[in-house]
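Student: My structure is stored as run.txt, with compact mmCIF, C-alpha atoms and all ligand atoms.
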```
# COMPACT_ATOMS: atom_id res chain seq x y z
CA ASP P 873 301.39 316.26 303.77
CA TRP P 874 301.45 319.43 301.77
CA ASN P 875 302.69 322.68 303.22
CA MET P 876 301.57 325.46 300.90
CA PRO P 877 304.01 328.28 301.77
CA ASP P 878 306.94 325.84 301.54
CA TYR P 879 305.61 324.47 298.29
CA ILE P 880 305.30 327.93 296.73
CA GLY P 881 308.78 328.87 297.95
CA GLU P 882 310.32 325.77 296.42
CA ALA P 883 308.39 326.07 293.16
CA VAL P 884 309.45 329.72 292.81
CA GLU P 885 313.12 328.83 293.39
CA LYS P 886 312.90 326.02 290.86
CA ILE P 887 311.43 328.31 288.19
CA ARG P 888 314.08 330.97 288.82
CA ALA P 889 316.86 328.40 288.61
CA GLN P 890 315.39 327.01 285.40
CA VAL P 891 314.83 330.20 283.41
CA GLY P 892 317.46 332.53 284.87
CA THR P 893 317.08 335.88 283.15
CA ASP P 894 315.27 334.48 280.08
CA GLU P 895 311.86 335.67 278.97
CA VAL P 896 308.85 333.37 279.12
CA ILE P 897 305.56 333.41 277.22
CA LEU P 898 302.37 331.71 278.27
CA GLY P 899 299.07 331.17 276.48
CA LEU P 900 296.47 332.26 279.00
CA SER P 901 293.05 330.75 278.34
CA GLY P 902 291.27 331.94 281.47
CA GLY P 903 290.96 328.33 282.59
CA VAL P 904 292.20 327.20 286.00
CA ASP P 905 295.42 325.51 284.91
CA SER P 906 296.89 328.24 282.73
CA SER P 907 295.76 330.87 285.25
CA VAL P 908 297.49 329.19 288.18
CA ALA P 909 300.61 328.59 286.08
CA ALA P 910 300.64 332.30 285.16
CA ALA P 911 300.23 333.39 288.78
CA LEU P 912 303.00 331.07 289.96
CA ILE P 913 305.47 332.01 287.24
CA HIS P 914 304.71 335.68 287.75
CA ARG P 915 305.44 335.25 291.46
CA ALA P 916 308.80 333.78 290.49
CA ILE P 917 309.98 336.03 287.66
CA GLY P 918 307.60 339.01 287.46
CA ASP P 919 307.96 340.93 284.21
CA GLN P 920 310.06 338.25 282.55
CA LEU P 921 306.66 336.63 281.93
CA THR P 922 304.36 337.76 279.13
CA CYS P 923 300.94 336.15 278.79
CA VAL P 924 299.09 335.99 275.50
CA PHE P 925 295.32 335.84 275.85
CA VAL P 926 293.63 334.99 272.57
CA ASP P 927 289.99 336.08 272.48
CA HIS P 928 288.47 333.86 269.79
CA GLY P 929 285.04 335.43 270.12
CA LEU P 930 283.72 332.20 271.60
CA LEU P 931 284.20 333.08 275.24
CA ARG P 932 281.46 333.34 277.83
CA LYS P 933 279.89 336.66 278.75
CA ASP P 934 282.41 339.14 280.24
CA GLU P 935 285.13 336.48 280.32
CA GLY P 936 287.72 338.55 278.49
CA LYS P 937 287.23 341.48 280.81
CA MET P 938 287.40 339.20 283.83
CA VAL P 939 290.70 337.68 282.73
CA MET P 940 292.21 341.10 282.03
CA ASP P 941 291.00 342.53 285.34
CA MET P 942 292.28 339.59 287.33
CA PHE P 943 295.73 339.39 285.80
CA SER P 944 296.51 342.77 284.40
CA LYS P 945 294.80 345.01 286.98
CA ASN P 946 294.93 342.93 290.16
CA LEU P 947 298.10 340.87 289.87
CA GLY P 948 300.11 343.19 287.64
CA VAL P 949 300.87 340.44 285.12
CA ARG P 950 301.77 341.60 281.62
CA VAL P 951 298.98 340.25 279.40
CA LEU P 952 298.53 340.86 275.69
CA ARG P 953 294.87 340.50 274.77
CA ILE P 954 294.52 339.55 271.13
CA ASP P 955 291.09 340.23 269.68
CA ALA P 956 290.82 337.55 267.00
CA GLU P 957 287.04 337.22 266.82
CA ASP P 958 286.80 338.16 263.14
CA GLN P 959 289.57 335.76 262.18
CA PHE P 960 288.02 332.80 264.01
CA LEU P 961 284.44 333.47 262.94
CA GLY P 962 285.63 334.07 259.39
CA HIS P 963 287.27 330.66 259.19
CA LEU P 964 284.28 328.99 260.85
CA ALA P 965 281.75 330.46 258.42
CA GLY P 966 279.90 327.73 256.56
CA VAL P 967 281.42 324.92 258.66
CA SER P 968 279.02 322.77 260.65
CA ASP P 969 280.89 319.53 261.38
CA PRO P 970 281.96 319.41 265.06
CA GLU P 971 285.38 317.84 264.47
CA GLN P 972 286.06 320.24 261.63
CA LYS P 973 285.16 323.17 263.87
CA ARG P 974 287.50 321.91 266.61
CA LYS P 975 290.32 321.57 264.11
CA ILE P 976 289.83 325.06 262.75
CA ILE P 977 289.70 326.62 266.20
CA GLY P 978 292.82 324.71 267.29
CA ARG P 979 294.67 325.64 264.12
CA GLU P 980 293.76 329.32 264.26
CA PHE P 981 294.74 329.45 267.90
CA VAL P 982 298.21 328.15 267.10
CA GLU P 983 298.41 330.57 264.19
CA VAL P 984 297.53 333.62 266.30
CA PHE P 985 299.76 332.52 269.14
CA GLN P 986 302.68 331.94 266.81
CA VAL P 987 302.40 335.43 265.35
CA GLU P 988 302.33 337.00 268.81
CA ALA P 989 305.14 334.79 270.08
CA GLY P 990 307.19 335.78 267.06
CA LYS P 991 306.96 339.42 268.10
CA LEU P 992 308.45 338.64 271.50
CA THR P 993 311.87 337.99 270.08
CA ASN P 994 313.56 337.49 273.43
CA ALA P 995 311.29 334.69 274.59
CA LYS P 996 313.16 331.45 275.20
CA TRP P 997 310.49 329.55 277.12
CA LEU P 998 306.92 328.52 276.51
CA ALA P 999 305.04 328.01 279.77
CA GLN P 1000 302.04 325.69 279.91
CA GLY P 1001 299.55 324.75 282.59
CA THR P 1002 300.07 321.02 282.06
CA ILE P 1003 298.95 319.11 285.16
CA TYR P 1004 299.65 315.52 286.23
CA PRO P 1005 296.50 313.96 284.72
CA ASP P 1006 297.46 315.55 281.35
CA VAL P 1007 300.88 313.90 281.56
CA ILE P 1008 299.28 310.52 282.26
CA GLU P 1009 296.66 310.97 279.55
CA SER P 1010 299.10 311.85 276.79
CA ALA P 1011 301.39 308.97 277.83
CA GLY P 1012 298.46 306.61 277.30
CA LYS P 1013 297.45 308.06 273.93
CA GLY P 1014 296.57 305.61 271.24
CA LYS P 1015 295.67 302.89 273.69
CA LYS P 1016 292.13 304.00 274.18
CA GLY P 1017 290.86 303.02 270.78
CA GLN P 1018 288.43 305.23 268.91
CA THR P 1019 288.52 308.96 269.43
CA ILE P 1020 285.07 310.23 270.29
CA LYS P 1021 286.07 313.88 270.18
CA SER P 1022 289.48 315.23 269.31
CA HIS P 1023 289.30 317.26 272.54
CA HIS P 1024 291.30 320.05 271.20
CA ASN P 1025 292.60 321.89 274.15
CA VAL P 1026 293.69 325.13 272.58
CA GLY P 1027 296.58 325.29 275.03
CA GLY P 1028 298.50 322.56 273.19
CA LEU P 1029 301.10 324.24 271.03
CA PRO P 1030 303.51 322.68 268.56
CA GLU P 1031 307.25 322.28 268.79
CA THR P 1032 307.74 324.53 265.75
CA LEU P 1033 307.85 327.47 268.16
CA ASN P 1034 311.39 326.39 269.10
CA LEU P 1035 310.91 327.26 272.72
CA LYS P 1036 311.85 325.32 275.80
CA LEU P 1037 308.90 324.06 277.82
CA LEU P 1038 308.20 325.34 281.31
CA GLU P 1039 305.51 323.30 283.04
CA PRO P 1040 305.53 324.05 286.75
CA LEU P 1041 302.26 322.21 287.51
CA ARG P 1042 303.30 318.88 285.98
CA GLU P 1043 303.29 317.05 289.30
CA LEU P 1044 300.01 318.39 290.64
CA PHE P 1045 296.48 317.08 290.69
CA LYS P 1046 293.56 319.39 290.01
CA ASP P 1047 292.63 319.91 293.67
CA GLU P 1048 296.25 320.83 294.45
CA VAL P 1049 296.32 323.27 291.53
CA ARG P 1050 293.19 324.93 292.92
CA LYS P 1051 294.63 325.26 296.42
CA LEU P 1052 297.81 326.69 294.94
CA GLY P 1053 295.79 329.19 292.94
CA VAL P 1054 293.95 330.45 296.01
CA ALA P 1055 297.24 330.69 297.94
CA LEU P 1056 298.68 332.77 295.08
CA GLY P 1057 295.81 335.24 295.36
CA LEU P 1058 293.46 334.13 292.59
CA PRO P 1059 289.78 334.57 293.53
CA HIS P 1060 288.11 331.46 294.95
CA GLY P 1061 285.22 331.73 292.48
CA MET P 1062 287.63 331.68 289.55
CA VAL P 1063 289.74 328.79 290.80
CA TYR P 1064 286.70 326.61 291.49
CA ARG P 1065 284.96 327.28 288.17
CA HIS P 1066 283.50 324.49 286.09
CA PRO P 1067 285.71 323.31 283.23
CA PHE P 1068 285.21 325.08 279.90
CA PRO P 1069 286.27 323.45 276.63
CA GLY P 1070 289.11 325.02 274.65
CA PRO P 1071 286.91 325.54 271.55
CA GLY P 1072 284.50 327.39 273.84
CA LEU P 1073 281.07 328.29 272.54
CA GLY P 1074 282.21 326.94 269.18
CA VAL P 1075 281.05 323.48 270.28
CA ARG P 1076 278.00 324.77 272.15
CA ILE P 1077 276.47 326.36 269.07
CA LEU P 1078 275.28 323.34 267.13
CA GLY P 1079 276.23 323.40 263.49
CA GLU P 1080 277.45 326.61 261.91
CA VAL P 1081 278.85 329.21 264.29
CA LYS P 1082 277.61 332.76 263.83
CA LYS P 1083 278.20 335.87 265.90
CA GLU P 1084 274.47 336.38 266.30
CA PHE P 1085 274.15 332.88 267.81
CA ALA P 1086 277.17 333.38 270.07
CA ASP P 1087 275.69 336.62 271.41
CA LEU P 1088 272.34 334.97 272.21
CA LEU P 1089 274.06 331.99 273.81
CA ARG P 1090 276.32 334.18 275.96
CA GLU P 1091 273.27 335.94 277.43
CA ALA P 1092 271.31 332.74 278.08
CA ASP P 1093 274.33 330.97 279.58
CA ALA P 1094 275.10 333.88 281.91
CA ILE P 1095 271.53 333.83 283.26
CA PHE P 1096 271.71 330.08 283.89
CA ILE P 1097 275.06 330.32 285.71
CA GLU P 1098 273.92 333.32 287.74
CA GLU P 1099 270.80 331.48 288.96
CA LEU P 1100 272.79 328.32 289.78
CA ARG P 1101 275.14 330.42 291.91
CA ASN P 1102 272.24 332.24 293.59
CA THR P 1103 270.20 329.15 294.44
CA PRO P 1104 271.18 327.51 297.76
CA PHE P 1105 271.85 323.79 297.69
CA GLU P 1106 269.73 322.18 300.36
CA LEU P 1107 269.41 318.51 299.46
CA PRO P 1108 271.76 315.93 300.97
CA PRO P 1109 274.89 315.39 298.84
CA VAL P 1110 274.50 313.23 295.75
CA ALA P 1111 277.02 310.72 294.43
CA GLY P 1112 279.49 312.46 292.21
CA ILE P 1113 280.03 315.44 294.45
CA ASP P 1114 283.31 316.02 296.26
CA ALA P 1115 282.51 314.62 299.70
CA GLY P 1116 285.20 316.78 301.29
CA LYS P 1117 283.13 319.91 301.42
CA ALA P 1118 279.40 320.41 301.16
CA PRO P 1119 278.27 322.56 298.22
CA VAL P 1120 276.51 325.73 299.25
CA ASN P 1121 274.73 326.46 295.97
CA TRP P 1122 273.69 324.64 292.82
CA TYR P 1123 276.72 325.84 290.90
CA GLU P 1124 278.96 324.08 293.40
CA ALA P 1125 276.63 321.08 293.48
CA THR P 1126 277.12 320.48 289.76
CA SER P 1127 280.35 319.58 287.98
CA GLN P 1128 279.53 321.36 284.76
CA ALA P 1129 276.56 323.44 283.65
CA PHE P 1130 275.96 325.49 280.55
CA ALA P 1131 273.51 326.47 277.84
CA VAL P 1132 273.59 325.07 274.31
CA PHE P 1133 272.33 326.97 271.27
CA LEU P 1134 270.07 325.01 268.92
CA PRO P 1135 269.75 326.54 265.46
CA VAL P 1136 266.12 325.50 265.32
CA LYS P 1137 263.16 327.84 265.34
CA SER P 1138 259.88 327.12 267.04
CA VAL P 1139 256.64 329.02 267.37
CA GLY P 1140 255.78 330.93 270.52
CA VAL P 1141 253.41 333.62 271.68
CA MET P 1142 254.34 336.84 273.40
CA GLY P 1143 251.72 339.46 274.26
CA ASP P 1144 249.37 339.55 271.28
CA GLY P 1145 251.98 338.36 268.85
CA ARG P 1146 253.29 335.14 267.43
CA THR P 1147 257.04 334.59 267.73
CA TYR P 1148 259.25 332.28 265.70
CA GLU P 1149 262.59 332.06 267.43
CA TYR P 1150 265.50 329.86 268.51
CA VAL P 1151 265.75 327.20 271.23
CA VAL P 1152 268.28 326.96 274.05
CA ALA P 1153 268.99 323.72 275.90
CA LEU P 1154 270.28 323.72 279.46
CA ARG P 1155 272.79 321.06 280.50
CA ALA P 1156 273.93 320.38 284.07
CA VAL P 1157 275.80 317.25 285.13
CA GLN P 1158 277.39 315.68 288.16
CA THR P 1159 280.50 313.60 287.75
CA LEU P 1160 283.79 312.74 289.42
CA ASP P 1161 285.90 312.04 286.36
CA PHE P 1162 283.94 313.43 283.36
CA MET P 1163 284.13 309.95 281.78
CA THR P 1164 280.66 309.13 283.02
CA ALA P 1165 278.14 311.66 284.26
CA GLN P 1166 274.57 311.93 285.44
CA TRP P 1167 272.23 314.78 284.63
CA ALA P 1168 271.67 316.97 287.63
CA HIS P 1169 268.26 316.86 289.29
CA LEU P 1170 267.96 320.62 289.48
CA PRO P 1171 264.92 321.92 291.40
CA HIS P 1172 261.97 322.63 289.12
CA SER P 1173 261.67 326.09 290.65
CA LEU P 1174 265.24 326.86 289.57
CA LEU P 1175 264.64 325.54 286.06
CA GLY P 1176 261.42 327.54 285.83
CA LYS P 1177 263.11 330.75 286.89
CA VAL P 1178 265.96 330.30 284.44
CA SER P 1179 263.54 329.55 281.62
CA ASN P 1180 261.40 332.62 282.37
CA ARG P 1181 264.40 334.87 282.59
CA ILE P 1182 265.98 333.64 279.37
CA ILE P 1183 262.75 333.96 277.40
CA ASN P 1184 261.97 337.40 278.83
CA GLU P 1185 265.47 338.83 278.70
CA VAL P 1186 267.02 337.31 275.60
CA ARG P 1187 265.20 338.52 272.50
CA GLY P 1188 265.56 335.79 269.90
CA ILE P 1189 265.02 332.82 272.25
CA ASN P 1190 261.44 331.73 272.90
CA ARG P 1191 261.90 328.17 274.16
CA VAL P 1192 264.13 326.53 276.77
CA VAL P 1193 264.53 322.77 277.24
CA TYR P 1194 266.44 320.71 279.83
CA ASP P 1195 268.78 317.90 278.81
CA ILE P 1196 268.08 314.70 280.82
CA SER P 1197 270.66 312.45 279.16
CA GLY P 1198 273.38 310.64 281.03
CA LYS P 1199 276.91 309.96 279.82
CA PRO P 1200 277.04 307.42 278.38
CA PRO P 1201 275.22 307.23 276.03
CA ALA P 1202 275.20 311.02 275.55
CA THR P 1203 278.36 313.06 276.02
CA ILE P 1204 278.52 316.11 278.25
CA GLU P 1205 278.93 318.61 275.44
CA TRP P 1206 276.45 318.35 272.57
CA GLU P 1207 279.23 318.34 270.00
P1 LIG W 1301 282.34 315.13 276.61
O1 LIG W 1301 281.46 316.06 275.84
O2 LIG W 1301 283.32 314.38 275.76
O3 LIG W 1301 283.21 316.06 277.56
O4 LIG W 1301 281.55 314.21 277.51
C1 LIG W 1301 284.03 315.62 278.63
C2 LIG W 1301 284.75 316.84 279.18
O5 LIG W 1301 285.66 317.35 278.18
C3 LIG W 1301 285.33 318.67 277.84
N1 LIG W 1301 285.54 318.84 276.39
C4 LIG W 1301 286.58 319.50 275.84
N2 LIG W 1301 287.61 320.16 276.41
N3 LIG W 1301 288.42 320.71 274.27
C5 LIG W 1301 288.53 320.79 275.61
O6 LIG W 1301 289.46 321.42 276.10
C6 LIG W 1301 287.41 320.06 273.62
O7 LIG W 1301 287.37 320.02 272.40
C7 LIG W 1301 286.45 319.42 274.46
N4 LIG W 1301 285.33 318.68 274.21
C8 LIG W 1301 284.79 318.36 275.39
C9 LIG W 1301 283.88 318.85 278.25
O8 LIG W 1301 283.58 320.22 278.48
C10 LIG W 1301 283.82 318.01 279.49
O9 LIG W 1301 284.35 318.69 280.62
```
What does this structure look like when you write it as structure tokens?

Tutor:
Amino acid sequence: DWNMPDYIGEAVEKIRAQVGTDEVILGLSGGVDSSVAAALIHRAIGDQLTCVFVDHGLLRKDEGKMVMDMFSKNLGVRVLRIDAEDQFLGHLAGVSDPEQKRKIIGREFVEVFQVEAGKLTNAKWLAQGTIYPDVIESAGKGKKGQTIKSHHNVGGLPETLNLKLLEPLRELFKDEVRKLGVALGLPHGMVYRHPFPGPGLGVRILGEVKKEFADLLREADAIFIEELRNTPFELPPVAGIDAGKAPVNWYEATSQAFAVFLPVKSVGVMGDGRTYEYVVALRAVQTLDFMTAQWAHLPHSLLGKVSNRIINEVRGINRVVYDISGKPPATIEWE
């Protein structure tokens, strides 16, 4: 039995008692967990909190602006936006191995964060959006056998920062974190977003990451997400969907959906001319735990509309394909 106002009151008191008058820094990724942690800590200690938002140039369309609007403009949270696109893309140039790319992105993130944290000389605490499943997962590390993907969550920072850890969401499950976020004034659409990997578009551009590819992918992905949100969900619920509330559109009816950039060119025809351009794959899955997943049976009319829009609106893409692989044997992300 969870009473939200009481819970917030107690959590706020606990944070105040813990940090006193100290300053706190938090790496804001724009994801649900770090966002809710930021909102909660800000509720407790206001300007004693500084968030650092590292833009690695591999974010989705308008994501940086959205994060800044939500926190800086609407909630009055102090957020430093670090534009590190050149640094990340520079280090990724020429690298095509997925694990290598994850390592570079994780390493550069820590590097940038450390520099910014170093400037905030009064900070004594590092806040993180660690939630209960993360605690369980890291306790069980090493028992699972082979690592399929290093799953670099760019929120994970090293102890070399010499800061005390503040993790106010440690006891909460994801659905509780979401409810807390809404109660703290975060927009519903933000709190119920699909998960987005820490390395961002870096693992959705197959092979070498280039700005040109990221720009094309951002446009294609935004069209796909927009159409999923705008298409009503009318079929009866499918296994893998939260039975607690019926999805109203195809975005809510899927657990994760995104576009993947394939650095492959194929021939097309547009007007009187021949084109020779890149391919985008669409991926949409339904899952409860992300360990197994089924590909979403999106309506053909929706797929057709997305394909037409991408090919017409994104110069440089002339072919769209739909991924019909389950997990296993495929994974959700392509890298
Ligand atoms: P896979 O592709 O392994 O993905 O089936 C399962 C879930 O994990 C997410 N994912 C990541 N998240 N850093 C993250 O923070 C990563 O490197 C990473 N790789 C995959 C993926 O988006 C899906 O939700």

Student: Figure out the distance between CA of Gln1158 in chain P and CA of Glu935 in chain P, please, to one decimal in Å.

Tutor: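 Between CA of Glu935 in chain P and CA of Gln1158 in chain P the gap works out to 23.5 Å.
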
Student: Quick one: of P:Glu895, P:Glu1207, P:Asp1144, P:Glu983, who's nearest to ligand LIG 1301 (chain W), counting only C-alpha atoms and all ligand atoms?

Tutor: P:Glu1207

Student: Identify, on the basis of only C-alpha atoms, every residue whose closest approach to Ala965 in chain P does not exceed 10 Å; exclude the query and any residue fewer than 6 positions from it along the same chain; express the result as a list in words.

Tutor: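 Returned residues: Lys973, Glu1080, Val1081, Lys1082 and Lys1083 of chain P.
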
Student: Using all atoms listed in the file, pick whichever of P:Leu1056, P:Leu998, P:Ile977, P:Ala1168 has the shortest atom-to-atom distance to ligand LIG 1301 (chain W).

Tutor: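 Among the listed residues, P:Ile977 lies closest to ligand LIG 1301 (chain W).
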
Student: Report the distance between CA of Pro1067 in chain P and CA of Ile917 in chain P in Å, rounded to one decimal place.

Tutor: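 Between CA of Pro1067 in chain P and CA of Ile917 in chain P the gap is 27.8 Å.
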
Student: Just to confirm, what's the straight-line distance from CA of Ile1003 in chain P to CA of His928 in chain P in Å (one decimal)?

Tutor: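 A separation of 23.7 Å between them.
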
Student: Quick one: residues within 9 Å of Pro1040 in chain P, all atoms listed in the file counted, chain neighbours fewer than 4 positions away excluded, as number ranges by chain?

Tutor: P: 883, 886-887, 909, 912-913, 999-1003, 1044

Student: Select the residues contacting ligand LIG 1301 (chain W) at a distance of at most 10 Å, based on all atoms listed in the file, then format the selection as JSON, numbers by chain.

Tutor: {"P": [903, 970, 971, 973, 974, 975, 977, 978, 1019, 1020, 1021, 1022, 1023, 1024, 1025, 1026, 1027, 1028, 1066, 1067, 1068, 1069, 1070, 1071, 1072, 1074, 1075, 1076, 1127, 1128, 1129, 1130, 1157, 1159, 1161, 1162, 1163, 1164, 1165, 1198, 1199, 1200, 1201, 1202, 1203, 1204, 1205, 1206, 1207]}

Student: Emit as JSON the padded axis-aligned box for all listed atoms of range 1202-1206 of chain P, 8 Å per side, with centre and edge lengths in Å to one decimal.

Tutor:
```
{"center_x": 277.1, "center_y": 314.8, "center_z": 275.4, "size_x": 19.7, "size_y": 23.6, "size_z": 21.7}
```

Student: At a cut-off of 12 Å, using only C-alpha atoms, what residues contact Gly1057 in chain P? Leave out same-chain residues fewer than 3 positions from it and give the result as a PyMOL selection string.

Tutor: chain P and resi 907-908+910-912+914-915+942-943+946-948+1050-1054+1060-1063

Student: Please write the residues from the selection above to a file, keeping C-alpha atoms, as a PDB file, in the coordinates of the input.

Tutor:
```pdb
ATOM      1  CA  SER P 907     295.760 330.870 285.250  1.00  0.00           C
ATOM      2  CA  VAL P 908     297.490 329.190 288.180  1.00  0.00           C
ATOM      3  CA  ALA P 910     300.640 332.300 285.160  1.00  0.00           C
ATOM      4  CA  ALA P 911     300.230 333.390 288.780  1.00  0.00           C
ATOM      5  CA  LEU P 912     303.000 331.070 289.960  1.00  0.00           C
ATOM      6  CA  HIS P 914     304.710 335.680 287.750  1.00  0.00           C
ATOM      7  CA  ARG P 915     305.440 335.250 291.460  1.00  0.00           C
ATOM      8  CA  MET P 942     292.280 339.590 287.330  1.00  0.00           C
ATOM      9  CA  PHE P 943     295.730 339.390 285.800  1.00  0.00           C
ATOM     10  CA  ASN P 946     294.930 342.930 290.160  1.00  0.00           C
ATOM     11  CA  LEU P 947     298.100 340.870 289.870  1.00  0.00           C
ATOM     12  CA  GLY P 948     300.110 343.190 287.640  1.00  0.00           C
ATOM     13  CA  ARG P1050     293.190 324.930 292.920  1.00  0.00           C
ATOM     14  CA  LYS P1051     294.630 325.260 296.420  1.00  0.00           C
ATOM     15  CA  LEU P1052     297.810 326.690 294.940  1.00  0.00           C
ATOM     16  CA  GLY P1053     295.790 329.190 292.940  1.00  0.00           C
ATOM     17  CA  VAL P1054     293.950 330.450 296.010  1.00  0.00           C
ATOM     18  CA  HIS P1060     288.110 331.460 294.950  1.00  0.00           C
ATOM     19  CA  GLY P1061     285.220 331.730 292.480  1.00  0.00           C
ATOM     20  CA  MET P1062     287.630 331.680 289.550  1.00  0.00           C
ATOM     21  CA  VAL P1063     289.740 328.790 290.800  1.00  0.00           C
TER      22      VAL P1063
END
```

Student: With only C-alpha atoms as the counted atoms, please give the residues lying no more than 12 Å from Asn1184 in chain P, apart from itself and same-chain residues fewer than 6 positions off, as an NGL selection string.

Tutor: :P and (1091-1092 or 1095 or 1141-1143 or 1177-1178 or 1190-1192)
